[in-house]
Amino acid sequence: MNRIYDTIEPNVIDQEMLQKAVEEQGPQEEAGQLAKREGIDFKDVTELQLDFRNILKIDNLWQFANLTKLQLDNNIIEKIEALDSLVHLVWLDLSFNNIETIEGLHALVKLQDLSLYNNRISKIENMDTLQELQIFSIGNNNLTSLENVVYLRKFSKLRTLNLTGNPLCDNEQYSMFIAAHLPDLVYLDFRLVDENTRELAEIKYQYAIDELKQGEAQALAKLEEEQAKQKELDYHKAAYVEYLNGPFLLESMYAEDAEANKLAYLPGMPDLLETYRNKFESVCEKLFAYGLEQYEKRQAEVSTFYKCLQEALAANQEQGRKIILEFENQNVGLLEVVQDMSSFDMAETKLAKYNNDITQLSDTLMTLEMQTVDQLEEIIKDFERNIADLVSTFIENVQGMMAQCRDLENHHHEKLLEISINTLEKIVKSEFEEEIPDDVRMLFVDKDTIVNAVNASHDIHLLKIDNREDDIITKANSWQAVVIEEVHKNEIARNRSRVKEINQYIDHLQEELDNLESLEPVE
């Protein structure tokens, strides 16, 4: 799509362009001029126009974290990119560019109005996350397939669609097809979709739509099933026991163990493996159930702690409000009274008392805050002890159950070694009559070879068990450290904020007093 300005030097979105655009679009009165001199924080900008600037590449927009409206139309942009930080964007205009592929929009989950009019797009795709989309303009592109428009059925809030100027519009069934497959559409190509067209379309495409709905229902059911599984897995991961509710750990031990798979052909191995598997899985299941139980206990402890914390803070805030209210009631109208006094000595006495009251108020509020800090410190210490006890008990029991897994593996290894050596002796004496694969027979050339193979298999299994145990312990300790660190960080921030509030209030009172003292009393 040729542009008159294609011969102009392409531009990039740099700091200079952004600063200029923000200044041009900002308020022009005195307040706006002041903002320009002091500098405009891009985070405060909600609307940005970057049209007709011969922009070739989208870049440097990450600074506009709160942007809701963005105009990038009438440029020479070839690719949709660098928009991931604009999560609050509601309106986006990329019309009259050179875009060939719809991409890079996945983070714009709040987007309601999207224009890709007059580009080079041949397929509607990669928009799955735009579930808030209400208006979509993609006219004057290279869309040829009516079936591709069916993709838009997933946007339940879509009410306005513009497809004019695309090759697919030449299809004589165009209007009927769109009306049938997008039944909630209100406007198509700037025209209201009339009920007559909608009814005829519904009749014409009834069987196709029924089949489509059936497919969508199946896809939705599959998606919900996958989401439920993922939610369950996330729950298991939060408890550090994912994939312990079954044969997964044991299977992972054998997945990379070629020697064990060969040794499974030996006489007596099927029964030995079955016994080992059943006992091993039983321990894993116990560990899994215990992990979920302990997770709930940890969550309950955290919930109880924050409840106690909020109760203590609420009591502190209420007491602080009462102290301030009492102070204000005692001194209501005092400044006006002092200002109207004819006696300088009387005014001086009143002001001195008020100054003393302010000092006492500051001391009282600060004392209350110190008491609150001490109270919260005790609550936090109790919480730390409780969490430490829960985590240490959890780790101790995990280590105990993992030790059971190692004991089972050691016992299995001894039995496997015994079977292997017996098999070797029979082979050496030509008494072994069982049929085994050639690669298995190669392990029995001598005692060292078969013992090394069995020991290598054993080492792999133990390493898997050790790694799983370390993983659980590391995550549990890490969780404890993060939770406690967050509690202390929040308390420090709260205390600083509260002290700042008190100081600002006292400074405000003192400023009022100072201003009054500077005035001459009424004669």
# chains A, B, ... in the order shown; residues from 1 in each chain; ligands from 1

call {"tool": "residues_around", "arguments": {"residues": "region 444-458 of chain A", "least_positions_apart": "3", "cutoff": "12 Å", "atoms": "only C-alpha atoms", "output": "JSON, numbers by chain"}}
result
{"A": [253, 254, 255, 256, 257, 258, 259, 260, 261, 262, 263, 264, 266, 406, 407, 408, 409, 410, 411, 412, 413, 414, 415, 416, 417, 418, 419, 420, 421, 422, 423, 424, 425, 426, 427, 428, 432, 436, 437, 438, 439, 440, 441, 461, 462, 463, 464, 465]}

call {"tool": "residues_around", "arguments": {"residues": "Leu70 (chain A)", "least_positions_apart": "3", "cutoff": "10 Å", "atoms": "only C-alpha atoms", "output": "PyMOL selection string"}}
result
chain A and resi 46-51+67+73+86+89-94

call {"tool": "write_last_selection", "arguments": {"atoms": "C-alpha atoms", "output": "PDB file, in the first residue's frame"}}
result
ATOM      1  CA  THR A  46      -3.123   7.997  29.169  1.00  0.00           C
ATOM      2  CA  GLU A  47      -3.483   8.988  25.496  1.00  0.00           C
ATOM      3  CA  LEU A  48      -0.761   9.220  22.853  1.00  0.00           C
ATOM      4  CA  GLN A  49      -0.903  10.214  19.167  1.00  0.00           C
ATOM      5  CA  LEU A  50       1.978   9.081  16.958  1.00  0.00           C
ATOM      6  CA  ASP A  51       0.248   9.248  13.566  1.00  0.00           C
ATOM      7  CA  LEU A  67      -1.700   4.316  28.417  1.00  0.00           C
ATOM      8  CA  ASP A  73      -2.006   5.103  12.104  1.00  0.00           C
ATOM      9  CA  LEU A  86       0.652  -1.461  27.603  1.00  0.00           C
ATOM     10  CA  LEU A  89      -4.682  -0.164  26.504  1.00  0.00           C
ATOM     11  CA  VAL A  90      -8.354   0.058  25.494  1.00  0.00           C
ATOM     12  CA  TRP A  91      -8.103   1.693  22.062  1.00  0.00           C
ATOM     13  CA  LEU A  92      -5.435   0.977  19.410  1.00  0.00           C
ATOM     14  CA  ASP A  93      -5.246   2.363  15.875  1.00  0.00           C
ATOM     15  CA  LEU A  94      -2.715   0.739  13.523  1.00  0.00           C
TER      16      LEU A  94
END

call {"tool": "closest_residue", "arguments": {"among": "A:Lys231, A:Arg498, A:Lys79, A:Lys353", "to": "Ile58 (chain A)", "atoms": "only C-alpha atoms"}}
result
A:Lys79

call {"tool": "residues_around", "arguments": {"residues": "region 117-120 of chain A", "least_positions_apart": "6", "cutoff": "6 Å", "atoms": "only C-alpha atoms", "output": "PyMOL selection string"}}
result
chain A and resi 95-100+137-142

call {"tool": "closest_residue", "arguments": {"among": "A:Thr372, A:Ser252, A:Thr68, A:Ser362", "to": "Gln310 (chain A)", "atoms": "only C-alpha atoms"}}
result
A:Thr372

call {"tool": "residues_around", "arguments": {"residues": "Val45 (chain A)", "least_positions_apart": "6", "cutoff": "9 Å", "atoms": "only C-alpha atoms", "output": "compact mmCIF listing (two decimals) with C-alpha atoms, in the first residue's frame"}}
result
# COMPACT_ATOMS: atom_id res chain seq x y z
CA VAL A 22 3.45 14.39 24.76
CA GLY A 26 -0.74 18.11 26.63
CA PHE A 64 3.73 4.58 29.14
CA ALA A 65 2.53 2.02 31.67
CA ASN A 66 -0.93 3.60 32.07
CA LEU A 67 -1.70 4.32 28.42
CA THR A 68 -5.31 3.57 27.42

call {"tool": "closest_residue", "arguments": {"among": "A:Gly320, A:Leu161, A:Gln206, A:Asp271", "to": "Val193 (chain A)", "atoms": "only C-alpha atoms"}}
result
A:Leu161

call {"tool": "select_by_dssp", "arguments": {"residues": "region 38-277 of chain A", "states": "strand (DSSP E)", "output": "PyMOL selection string"}}
result
chain A and resi 47-49+55-57+69-71+91-93+113-115+135-137+160-162+187-188+191-192

call {"tool": "residues_around", "arguments": {"residues": "region 387-392 of chain A", "least_positions_apart": "2", "cutoff": "9 Å", "atoms": "only C-alpha atoms", "output": "PDB file with N, CA, C and O atoms, in the first residue's frame"}}
result
ATOM      1  N   GLN A 294      -0.019 -30.609  55.028  1.00  0.00           N
ATOM      2  CA  GLN A 294       0.869 -29.601  55.608  1.00  0.00           C
ATOM      3  C   GLN A 294       0.747 -28.253  54.897  1.00  0.00           C
ATOM      4  O   GLN A 294       0.884 -27.195  55.519  1.00  0.00           O
ATOM      5  N   LYS A 297      -2.115 -26.481  56.374  1.00  0.00           N
ATOM      6  CA  LYS A 297      -1.764 -25.973  57.700  1.00  0.00           C
ATOM      7  C   LYS A 297      -0.947 -24.684  57.590  1.00  0.00           C
ATOM      8  O   LYS A 297      -1.155 -23.736  58.356  1.00  0.00           O
ATOM      9  N   ARG A 298      -0.002 -24.658  56.650  1.00  0.00           N
ATOM     10  CA  ARG A 298       0.808 -23.454  56.460  1.00  0.00           C
ATOM     11  C   ARG A 298      -0.061 -22.281  56.008  1.00  0.00           C
ATOM     12  O   ARG A 298       0.103 -21.145  56.474  1.00  0.00           O
ATOM     13  N   GLU A 301      -2.071 -20.971  58.881  1.00  0.00           N
ATOM     14  CA  GLU A 301      -1.225 -20.201  59.788  1.00  0.00           C
ATOM     15  C   GLU A 301      -0.999 -18.783  59.256  1.00  0.00           C
ATOM     16  O   GLU A 301      -1.066 -17.808  60.006  1.00  0.00           O
ATOM     17  N   VAL A 302      -0.732 -18.683  57.961  1.00  0.00           N
ATOM     18  CA  VAL A 302      -0.536 -17.367  57.335  1.00  0.00           C
ATOM     19  C   VAL A 302      -1.814 -16.543  57.425  1.00  0.00           C
ATOM     20  O   VAL A 302      -1.786 -15.345  57.758  1.00  0.00           O
ATOM     21  N   ASP A 382       5.828 -14.640  67.087  1.00  0.00           N
ATOM     22  CA  ASP A 382       5.021 -15.861  67.241  1.00  0.00           C
ATOM     23  C   ASP A 382       4.804 -16.527  65.887  1.00  0.00           C
ATOM     24  O   ASP A 382       4.893 -17.757  65.764  1.00  0.00           O
ATOM     25  N   PHE A 383       4.517 -15.709  64.890  1.00  0.00           N
ATOM     26  CA  PHE A 383       4.296 -16.231  63.532  1.00  0.00           C
ATOM     27  C   PHE A 383       5.561 -16.910  63.012  1.00  0.00           C
ATOM     28  O   PHE A 383       5.502 -18.007  62.434  1.00  0.00           O
ATOM     29  N   GLU A 384       6.704 -16.257  63.211  1.00  0.00           N
ATOM     30  CA  GLU A 384       7.976 -16.840  62.758  1.00  0.00           C
ATOM     31  C   GLU A 384       8.215 -18.200  63.409  1.00  0.00           C
ATOM     32  O   GLU A 384       8.642 -19.157  62.739  1.00  0.00           O
ATOM     33  N   ARG A 385       7.968 -18.262  64.717  1.00  0.00           N
ATOM     34  CA  ARG A 385       8.162 -19.538  65.431  1.00  0.00           C
ATOM     35  C   ARG A 385       7.225 -20.614  64.902  1.00  0.00           C
ATOM     36  O   ARG A 385       7.645 -21.762  64.677  1.00  0.00           O
ATOM     37  N   PHE A 394       7.707 -30.523  58.723  1.00  0.00           N
ATOM     38  CA  PHE A 394       7.438 -30.998  57.361  1.00  0.00           C
ATOM     39  C   PHE A 394       8.701 -31.594  56.746  1.00  0.00           C
ATOM     40  O   PHE A 394       8.679 -32.710  56.198  1.00  0.00           O
ATOM     41  N   ILE A 395       9.814 -30.879  56.850  1.00  0.00           N
ATOM     42  CA  ILE A 395      11.074 -31.357  56.263  1.00  0.00           C
ATOM     43  C   ILE A 395      11.522 -32.653  56.937  1.00  0.00           C
ATOM     44  O   ILE A 395      11.973 -33.594  56.262  1.00  0.00           O
ATOM     45  N   GLU A 396      11.389 -32.716  58.245  1.00  0.00           N
ATOM     46  CA  GLU A 396      11.797 -33.919  58.981  1.00  0.00           C
ATOM     47  C   GLU A 396      11.010 -35.143  58.510  1.00  0.00           C
ATOM     48  O   GLU A 396      11.584 -36.220  58.285  1.00  0.00           O
ATOM     49  N   ASN A 397       9.708 -34.971  58.326  1.00  0.00           N
ATOM     50  CA  ASN A 397       8.881 -36.099  57.887  1.00  0.00           C
ATOM     51  C   ASN A 397       9.119 -36.453  56.415  1.00  0.00           C
ATOM     52  O   ASN A 397       9.053 -37.615  56.031  1.00  0.00           O
ATOM     53  N   ILE A 473      12.767 -29.858  49.993  1.00  0.00           N
ATOM     54  CA  ILE A 473      13.338 -29.148  51.140  1.00  0.00           C
ATOM     55  C   ILE A 473      13.717 -27.713  50.750  1.00  0.00           C
ATOM     56  O   ILE A 473      13.450 -26.761  51.497  1.00  0.00           O
ATOM     57  N   ALA A 476      10.571 -25.570  50.387  1.00  0.00           N
ATOM     58  CA  ALA A 476       9.951 -25.285  51.685  1.00  0.00           C
ATOM     59  C   ALA A 476      10.730 -24.209  52.437  1.00  0.00           C
ATOM     60  O   ALA A 476      10.146 -23.264  52.981  1.00  0.00           O
ATOM     61  N   ASN A 477      12.050 -24.334  52.449  1.00  0.00           N
ATOM     62  CA  ASN A 477      12.884 -23.336  53.121  1.00  0.00           C
ATOM     63  C   ASN A 477      12.799 -21.979  52.435  1.00  0.00           C
ATOM     64  O   ASN A 477      12.767 -20.931  53.090  1.00  0.00           O
ATOM     65  N   GLN A 480       9.529 -20.277  53.337  1.00  0.00           N
ATOM     66  CA  GLN A 480       9.597 -19.726  54.694  1.00  0.00           C
ATOM     67  C   GLN A 480      10.361 -18.401  54.700  1.00  0.00           C
ATOM     68  O   GLN A 480       9.909 -17.413  55.283  1.00  0.00           O
ATOM     69  N   ILE A 484       8.574 -14.674  55.551  1.00  0.00           N
ATOM     70  CA  ILE A 484       9.045 -13.900  56.704  1.00  0.00           C
ATOM     71  C   ILE A 484       9.647 -12.569  56.255  1.00  0.00           C
ATOM     72  O   ILE A 484       9.403 -11.517  56.869  1.00  0.00           O
TER      73      ILE A 484
END

call {"tool": "atom_distance", "arguments": {"atom1": "CA of Asp113 (chain A)", "atom2": "CA of Leu130 (chain A)"}}
result
9.9 Å

call {"tool": "residues_around", "arguments": {"residues": "Asn162 (chain A)", "least_positions_apart": "2", "cutoff": "10 Å", "atoms": "only C-alpha atoms", "output": "PyMOL selection string"}}
result
chain A and resi 115-117+135-140+160+164-166+187-191

call {"tool": "write_last_selection", "arguments": {"atoms": "C-alpha atoms", "output": "PDB file, in the first residue's frame"}}
result
ATOM      1  CA  SER A 115      -8.198  -0.863  13.902  1.00  0.00           C
ATOM      2  CA  LEU A 116      -5.950  -2.634  11.398  1.00  0.00           C
ATOM      3  CA  TYR A 117      -7.636  -0.988   8.423  1.00  0.00           C
ATOM      4  CA  ILE A 135     -14.969  -2.986  17.712  1.00  0.00           C
ATOM      5  CA  PHE A 136     -12.671  -4.475  15.062  1.00  0.00           C
ATOM      6  CA  SER A 137     -11.783  -2.793  11.788  1.00  0.00           C
ATOM      7  CA  ILE A 138      -9.751  -4.812   9.295  1.00  0.00           C
ATOM      8  CA  GLY A 139     -11.048  -3.474   6.015  1.00  0.00           C
ATOM      9  CA  ASN A 140      -8.827  -2.895   2.949  1.00  0.00           C
ATOM     10  CA  THR A 160     -18.930  -3.850  15.300  1.00  0.00           C
ATOM     11  CA  THR A 164     -14.905  -3.698   3.471  1.00  0.00           C
ATOM     12  CA  GLY A 165     -12.305  -3.721   0.725  1.00  0.00           C
ATOM     13  CA  ASN A 166     -11.137  -7.311   1.286  1.00  0.00           C
ATOM     14  CA  TYR A 187     -22.846  -3.413  12.752  1.00  0.00           C
ATOM     15  CA  LEU A 188     -21.121  -4.885   9.695  1.00  0.00           C
ATOM     16  CA  ASP A 189     -19.223  -2.575   7.351  1.00  0.00           C
ATOM     17  CA  PHE A 190     -20.782   0.550   8.896  1.00  0.00           C
ATOM     18  CA  ARG A 191     -24.324  -0.783   8.455  1.00  0.00           C
TER      19      ARG A 191
END
